[in-house]
>>> print(open('final.pdb').read())   # PDB, C-alpha atoms, pLDDT in the B column
ATOM      1  CA  MET A 235       0.000   0.000   0.000  1.00 84.00           C
ATOM      2  CA  SER A 236       0.891   3.671  -0.235  1.00 95.00           C
ATOM      3  CA  ILE A 237       3.038   5.781   2.058  1.00 97.00           C
ATOM      4  CA  VAL A 238       2.097   9.182   3.469  1.00 98.00           C
ATOM      5  CA  LYS A 239       4.424  12.083   4.226  1.00 97.00           C
ATOM      6  CA  ILE A 240       3.133  14.920   6.372  1.00 98.00           C
ATOM      7  CA  ASN A 241       5.262  18.030   6.692  1.00 96.00           C
ATOM      8  CA  ALA A 242       4.193  19.998   9.796  1.00 97.00           C
ATOM      9  CA  LEU A 243       5.110  23.636   9.164  1.00 96.00           C
ATOM     10  CA  THR A 244       5.061  26.145  12.013  1.00 96.00           C
ATOM     11  CA  VAL A 245       3.817  29.366  10.416  1.00 96.00           C
ATOM     12  CA  PRO A 246       3.480  32.672  12.281  1.00 94.00           C
ATOM     13  CA  ALA A 247       0.102  34.381  11.706  1.00 93.00           C
ATOM     14  CA  GLU A 248       1.690  37.182   9.658  1.00 94.00           C
ATOM     15  CA  GLN A 249       3.187  34.609   7.228  1.00 94.00           C
ATOM     16  CA  ARG A 250       0.064  32.522   6.552  1.00 95.00           C
ATOM     17  CA  GLU A 251      -0.938  34.411   3.423  1.00 95.00           C
ATOM     18  CA  VAL A 252       2.633  34.214   2.098  1.00 94.00           C
ATOM     19  CA  LEU A 253       2.769  30.447   2.633  1.00 94.00           C
ATOM     20  CA  GLU A 254      -0.594  29.847   0.963  1.00 95.00           C
ATOM     21  CA  ARG A 255       0.348  32.067  -1.990  1.00 94.00           C
ATOM     22  CA  ARG A 256       3.617  30.181  -2.471  1.00 91.00           C
ATOM     23  CA  PHE A 257       1.851  26.824  -2.436  1.00 90.00           C
ATOM     24  CA  ALA A 258      -0.769  28.106  -4.891  1.00 91.00           C
ATOM     25  CA  SER A 259       1.981  29.247  -7.279  1.00 88.00           C
ATOM     26  CA  ARG A 260       3.615  25.790  -7.194  1.00 79.00           C
ATOM     27  CA  ALA A 261       0.535  24.223  -8.779  1.00 68.00           C
ATOM     28  CA  GLY A 262       1.605  21.262 -10.887  1.00 75.00           C
ATOM     29  CA  ALA A 263       5.074  20.988  -9.348  1.00 77.00           C
ATOM     30  CA  VAL A 264       4.490  17.516  -7.894  1.00 88.00           C
ATOM     31  CA  GLU A 265       1.457  16.199  -9.756  1.00 90.00           C
ATOM     32  CA  GLY A 266       3.446  14.777 -12.673  1.00 89.00           C
ATOM     33  CA  SER A 267       5.958  12.927 -10.496  1.00 92.00           C
ATOM     34  CA  ASP A 268       6.115   9.164 -10.831  1.00 94.00           C
ATOM     35  CA  GLY A 269       4.351   7.493  -7.918  1.00 95.00           C
ATOM     36  CA  PHE A 270       2.616  10.658  -6.691  1.00 96.00           C
ATOM     37  CA  GLU A 271      -0.962   9.988  -5.539  1.00 96.00           C
ATOM     38  CA  TRP A 272      -2.302  12.961  -3.547  1.00 95.00           C
ATOM     39  CA  PHE A 273      -1.535  16.427  -2.112  1.00 95.00           C
ATOM     40  CA  GLU A 274      -3.349  18.611   0.409  1.00 95.00           C
ATOM     41  CA  LEU A 275      -2.321  21.802   2.209  1.00 96.00           C
ATOM     42  CA  LEU A 276      -4.197  21.908   5.525  1.00 97.00           C
ATOM     43  CA  ARG A 277      -4.698  25.298   7.236  1.00 97.00           C
ATOM     44  CA  PRO A 278      -5.016  25.266  11.041  1.00 96.00           C
ATOM     45  CA  VAL A 279      -8.397  26.367  12.341  1.00 94.00           C
ATOM     46  CA  GLU A 280      -7.723  26.651  16.067  1.00 92.00           C
ATOM     47  CA  GLY A 281      -5.259  25.646  18.753  1.00 92.00           C
ATOM     48  CA  THR A 282      -2.104  25.499  16.627  1.00 94.00           C
ATOM     49  CA  ASP A 283       0.043  27.505  14.242  1.00 93.00           C
ATOM     50  CA  GLN A 284       1.042  24.427  12.238  1.00 96.00           C
ATOM     51  CA  TYR A 285       0.021  23.897   8.642  1.00 97.00           C
ATOM     52  CA  LEU A 286       0.121  20.291   7.450  1.00 97.00           C
ATOM     53  CA  VAL A 287       1.375  19.441   3.966  1.00 95.00           C
ATOM     54  CA  TYR A 288      -0.057  15.992   3.181  1.00 97.00           C
ATOM     55  CA  THR A 289       1.300  13.943   0.292  1.00 95.00           C
ATOM     56  CA  ARG A 290       0.664  10.299  -0.557  1.00 97.00           C
ATOM     57  CA  TRP A 291       3.039   8.201  -2.670  1.00 97.00           C
ATOM     58  CA  ARG A 292       3.024   4.750  -4.218  1.00 97.00           C
ATOM     59  CA  SER A 293       6.321   3.914  -2.441  1.00 97.00           C
ATOM     60  CA  GLU A 294       9.150   5.337  -0.350  1.00 96.00           C
ATOM     61  CA  GLU A 295      11.382   5.046  -3.433  1.00 96.00           C
ATOM     62  CA  ASP A 296       9.025   7.276  -5.455  1.00 95.00           C
ATOM     63  CA  PHE A 297       9.003   9.870  -2.674  1.00 94.00           C
ATOM     64  CA  GLN A 298      12.807   9.815  -2.390  1.00 94.00           C
ATOM     65  CA  ALA A 299      13.181  10.184  -6.178  1.00 92.00           C
ATOM     66  CA  TRP A 300      10.961  13.280  -6.061  1.00 90.00           C
ATOM     67  CA  MET A 301      12.907  14.659  -3.067  1.00 87.00           C
ATOM     68  CA  GLU A 302      16.253  14.228  -4.843  1.00 88.00           C
ATOM     69  CA  GLY A 303      15.001  15.489  -8.205  1.00 81.00           C
ATOM     70  CA  PRO A 304      12.164  17.982  -8.750  1.00 71.00           C
ATOM     71  CA  MET A 305      11.736  19.055  -5.106  1.00 76.00           C
ATOM     72  CA  LYS A 306      15.434  19.675  -4.581  1.00 72.00           C
ATOM     73  CA  ALA A 307      15.702  21.647  -7.819  1.00 72.00           C
ATOM     74  CA  ALA A 308      12.651  23.776  -6.957  1.00 68.00           C
ATOM     75  CA  HIS A 309      14.027  24.671  -3.519  1.00 66.00           C
ATOM     76  CA  GLN A 310      17.562  25.442  -4.669  1.00 66.00           C
ATOM     77  CA  GLY A 311      16.914  28.340  -6.923  1.00 58.00           C
ATOM     78  CA  GLY A 312      13.900  30.044  -8.302  1.00 48.00           C
ATOM     79  CA  GLY A 313      11.732  26.996  -8.774  1.00 44.00           C
ATOM     80  CA  ALA A 314       8.052  26.824  -7.917  1.00 42.00           C
ATOM     81  CA  GLY A 315       7.001  29.218  -5.219  1.00 42.00           C
ATOM     82  CA  GLY A 316       9.613  31.850  -5.946  1.00 44.00           C
ATOM     83  CA  GLU A 317       8.536  35.462  -5.794  1.00 46.00           C
ATOM     84  CA  GLY A 318      10.158  37.633  -8.400  1.00 47.00           C
ATOM     85  CA  GLY A 319      13.616  37.064  -9.757  1.00 51.00           C
ATOM     86  CA  GLY A 320      16.960  37.163  -8.059  1.00 56.00           C
ATOM     87  CA  GLU A 321      17.208  36.529  -4.334  1.00 65.00           C
ATOM     88  CA  ARG A 322      15.506  33.588  -2.762  1.00 69.00           C
ATOM     89  CA  PRO A 323      12.593  34.704  -0.520  1.00 76.00           C
ATOM     90  CA  LYS A 324      12.687  34.239   3.237  1.00 84.00           C
ATOM     91  CA  PRO A 325      10.897  31.030   4.362  1.00 87.00           C
ATOM     92  CA  ALA A 326       7.317  31.583   5.541  1.00 91.00           C
ATOM     93  CA  ALA A 327       7.613  28.753   8.086  1.00 91.00           C
ATOM     94  CA  SER A 328       9.750  29.056  11.197  1.00 88.00           C
ATOM     95  CA  ALA A 329      10.046  25.264  11.697  1.00 90.00           C
ATOM     96  CA  SER A 330       9.356  22.051   9.817  1.00 91.00           C
ATOM     97  CA  THR A 331       8.972  18.404  10.854  1.00 94.00           C
ATOM     98  CA  VAL A 332       8.285  15.535   8.455  1.00 95.00           C
ATOM     99  CA  TRP A 333       6.210  12.577   9.626  1.00 96.00           C
ATOM    100  CA  SER A 334       6.158   9.290   7.680  1.00 97.00           C
ATOM    101  CA  PHE A 335       3.393   6.703   7.676  1.00 96.00           C
ATOM    102  CA  GLU A 336       2.479   3.503   5.853  1.00 97.00           C
ATOM    103  CA  VAL A 337      -1.149   3.108   4.824  1.00 95.00           C
ATOM    104  CA  VAL A 338      -2.342  -0.123   6.425  1.00 95.00           C
ATOM    105  CA  GLN A 339      -6.087   0.344   5.981  1.00 95.00           C
ATOM    106  CA  GLN A 340      -8.221   2.618   3.870  1.00 92.00           C
ATOM    107  CA  ALA A 341     -11.864   3.144   2.955  1.00 93.00           C
ATOM    108  CA  ALA A 342     -13.790   5.096   0.371  1.00 90.00           C
ATOM    109  CA  PRO A 343     -17.419   6.227   0.417  1.00 94.00           C
ATOM    110  CA  LYS A 344     -19.903   3.526  -0.524  1.00 94.00           C
ATOM    111  CA  LYS A 345     -21.603   3.951  -3.860  1.00 91.00           C
ATOM    112  CA  ALA A 346     -25.384   4.217  -3.736  1.00 82.00           C
TER     113      ALA A 346
END
>>> encode(input="final.pdb", output="structure tokens")
Amino acid sequence: MSIVKINALTVPAEQREVLERRFASRAGAVEGSDGFEWFELLRPVEGTDQYLVYTRWRSEEDFQAWMEGPMKAAHQGGGAGGEGGGERPKPAASASTVWSFEVVQQAAPKKA
């Protein structure tokens, strides 16, 4: 079954709009990657300042290939999410932790 990677990003209130704008501008940056299955950016509603970046992959190897290829290139210089040319923008998040999970059970809505 699939694997899930959740990146918990600590984002100060004044940087929320910046973070969401950067993710919106990266549209399509991961969707064409081999083994990619799903992406969601989850905004906190109450009780935390952590956004969750949820991605699901066919395998750990597919995730690692994306990390070493397209993701690395995008974060090293003017890739998706960059604002303007030249200098790299300051990160919107003040901290980041990646959680890894294996999908062991799943369910979908029943069809009527």
>>> resolve_selection(input="final.pdb", expression="the PyMOL selection byres ((chain A and resi 330) around 12)", output="compact mmCIF listing (two decimals) with C-alpha atoms, keeping the file's coordinate frame")
# COMPACT_ATOMS: atom_id res chain seq x y z
CA ILE A 240 3.13 14.92 6.37
CA ASN A 241 5.26 18.03 6.69
CA ALA A 242 4.19 20.00 9.80
CA LEU A 243 5.11 23.64 9.16
CA THR A 244 5.06 26.14 12.01
CA VAL A 245 3.82 29.37 10.42
CA ASP A 283 0.04 27.50 14.24
CA GLN A 284 1.04 24.43 12.24
CA TYR A 285 0.02 23.90 8.64
CA LEU A 286 0.12 20.29 7.45
CA VAL A 287 1.38 19.44 3.97
CA PRO A 325 10.90 31.03 4.36
CA ALA A 326 7.32 31.58 5.54
CA ALA A 327 7.61 28.75 8.09
CA SER A 328 9.75 29.06 11.20
CA ALA A 329 10.05 25.26 11.70
CA THR A 331 8.97 18.40 10.85
CA VAL A 332 8.28 15.54 8.46
CA TRP A 333 6.21 12.58 9.63
>>> resolve_selection(input="final.pdb", expression="the PyMOL selection byres ((chain A and resi 300) around 12)", output="list in words")
Ala263, Val264, Glu265, Gly266, Ser267, Asp268, Gly269, Phe270, Thr289, Trp291, Arg292, Ser293, Glu294, Glu295, Asp296, Phe297, Gln298, Ala299, Met301, Glu302, Gly303, Pro304, Met305, Lys306, Ala307 and Ala308 of chain A
>>> atom_distance(input="final.pdb", atom1="atom CA of A:Arg277", atom2="atom CA of A:Arg255")
12.5 Å
>>> atom_distance(input="final.pdb", atom1="atom CA of A:Gly281", atom2="atom CA of A:Pro246")
12.9 Å
>>> atom_distance(input="final.pdb", atom1="atom CA of A:Trp272", atom2="atom CA of A:Arg290")
5.0 Å
>>> closest_residue(input="final.pdb", among="A:Ala258, A:Val252, A:Ala346, A:Ala341", to="A:Leu275", atoms="all atoms listed in the file")
A:Ala258
>>> closest_residue(input="final.pdb", among="A:Lys344, A:Lys324, A:Arg250, A:Lys239", to="A:Pro278", atoms="only C-alpha atoms")
A:Arg250
>>> axis_aligned_box(input="final.pdb", around="stretch 293-298 of chain A", padding_each_side="5 Å", output="lines of an AutoDock Vina configuration file")
center_x = 9.6
center_y = 6.9
center_z = -2.9
size_x = 16.5
size_y = 16.0
size_z = 15.1
>>> closest_residue(input="final.pdb", among="A:Glu274, A:Ser236, A:Ala247, A:Glu254", to="A:Val338", atoms="only C-alpha atoms")
A:Ser236
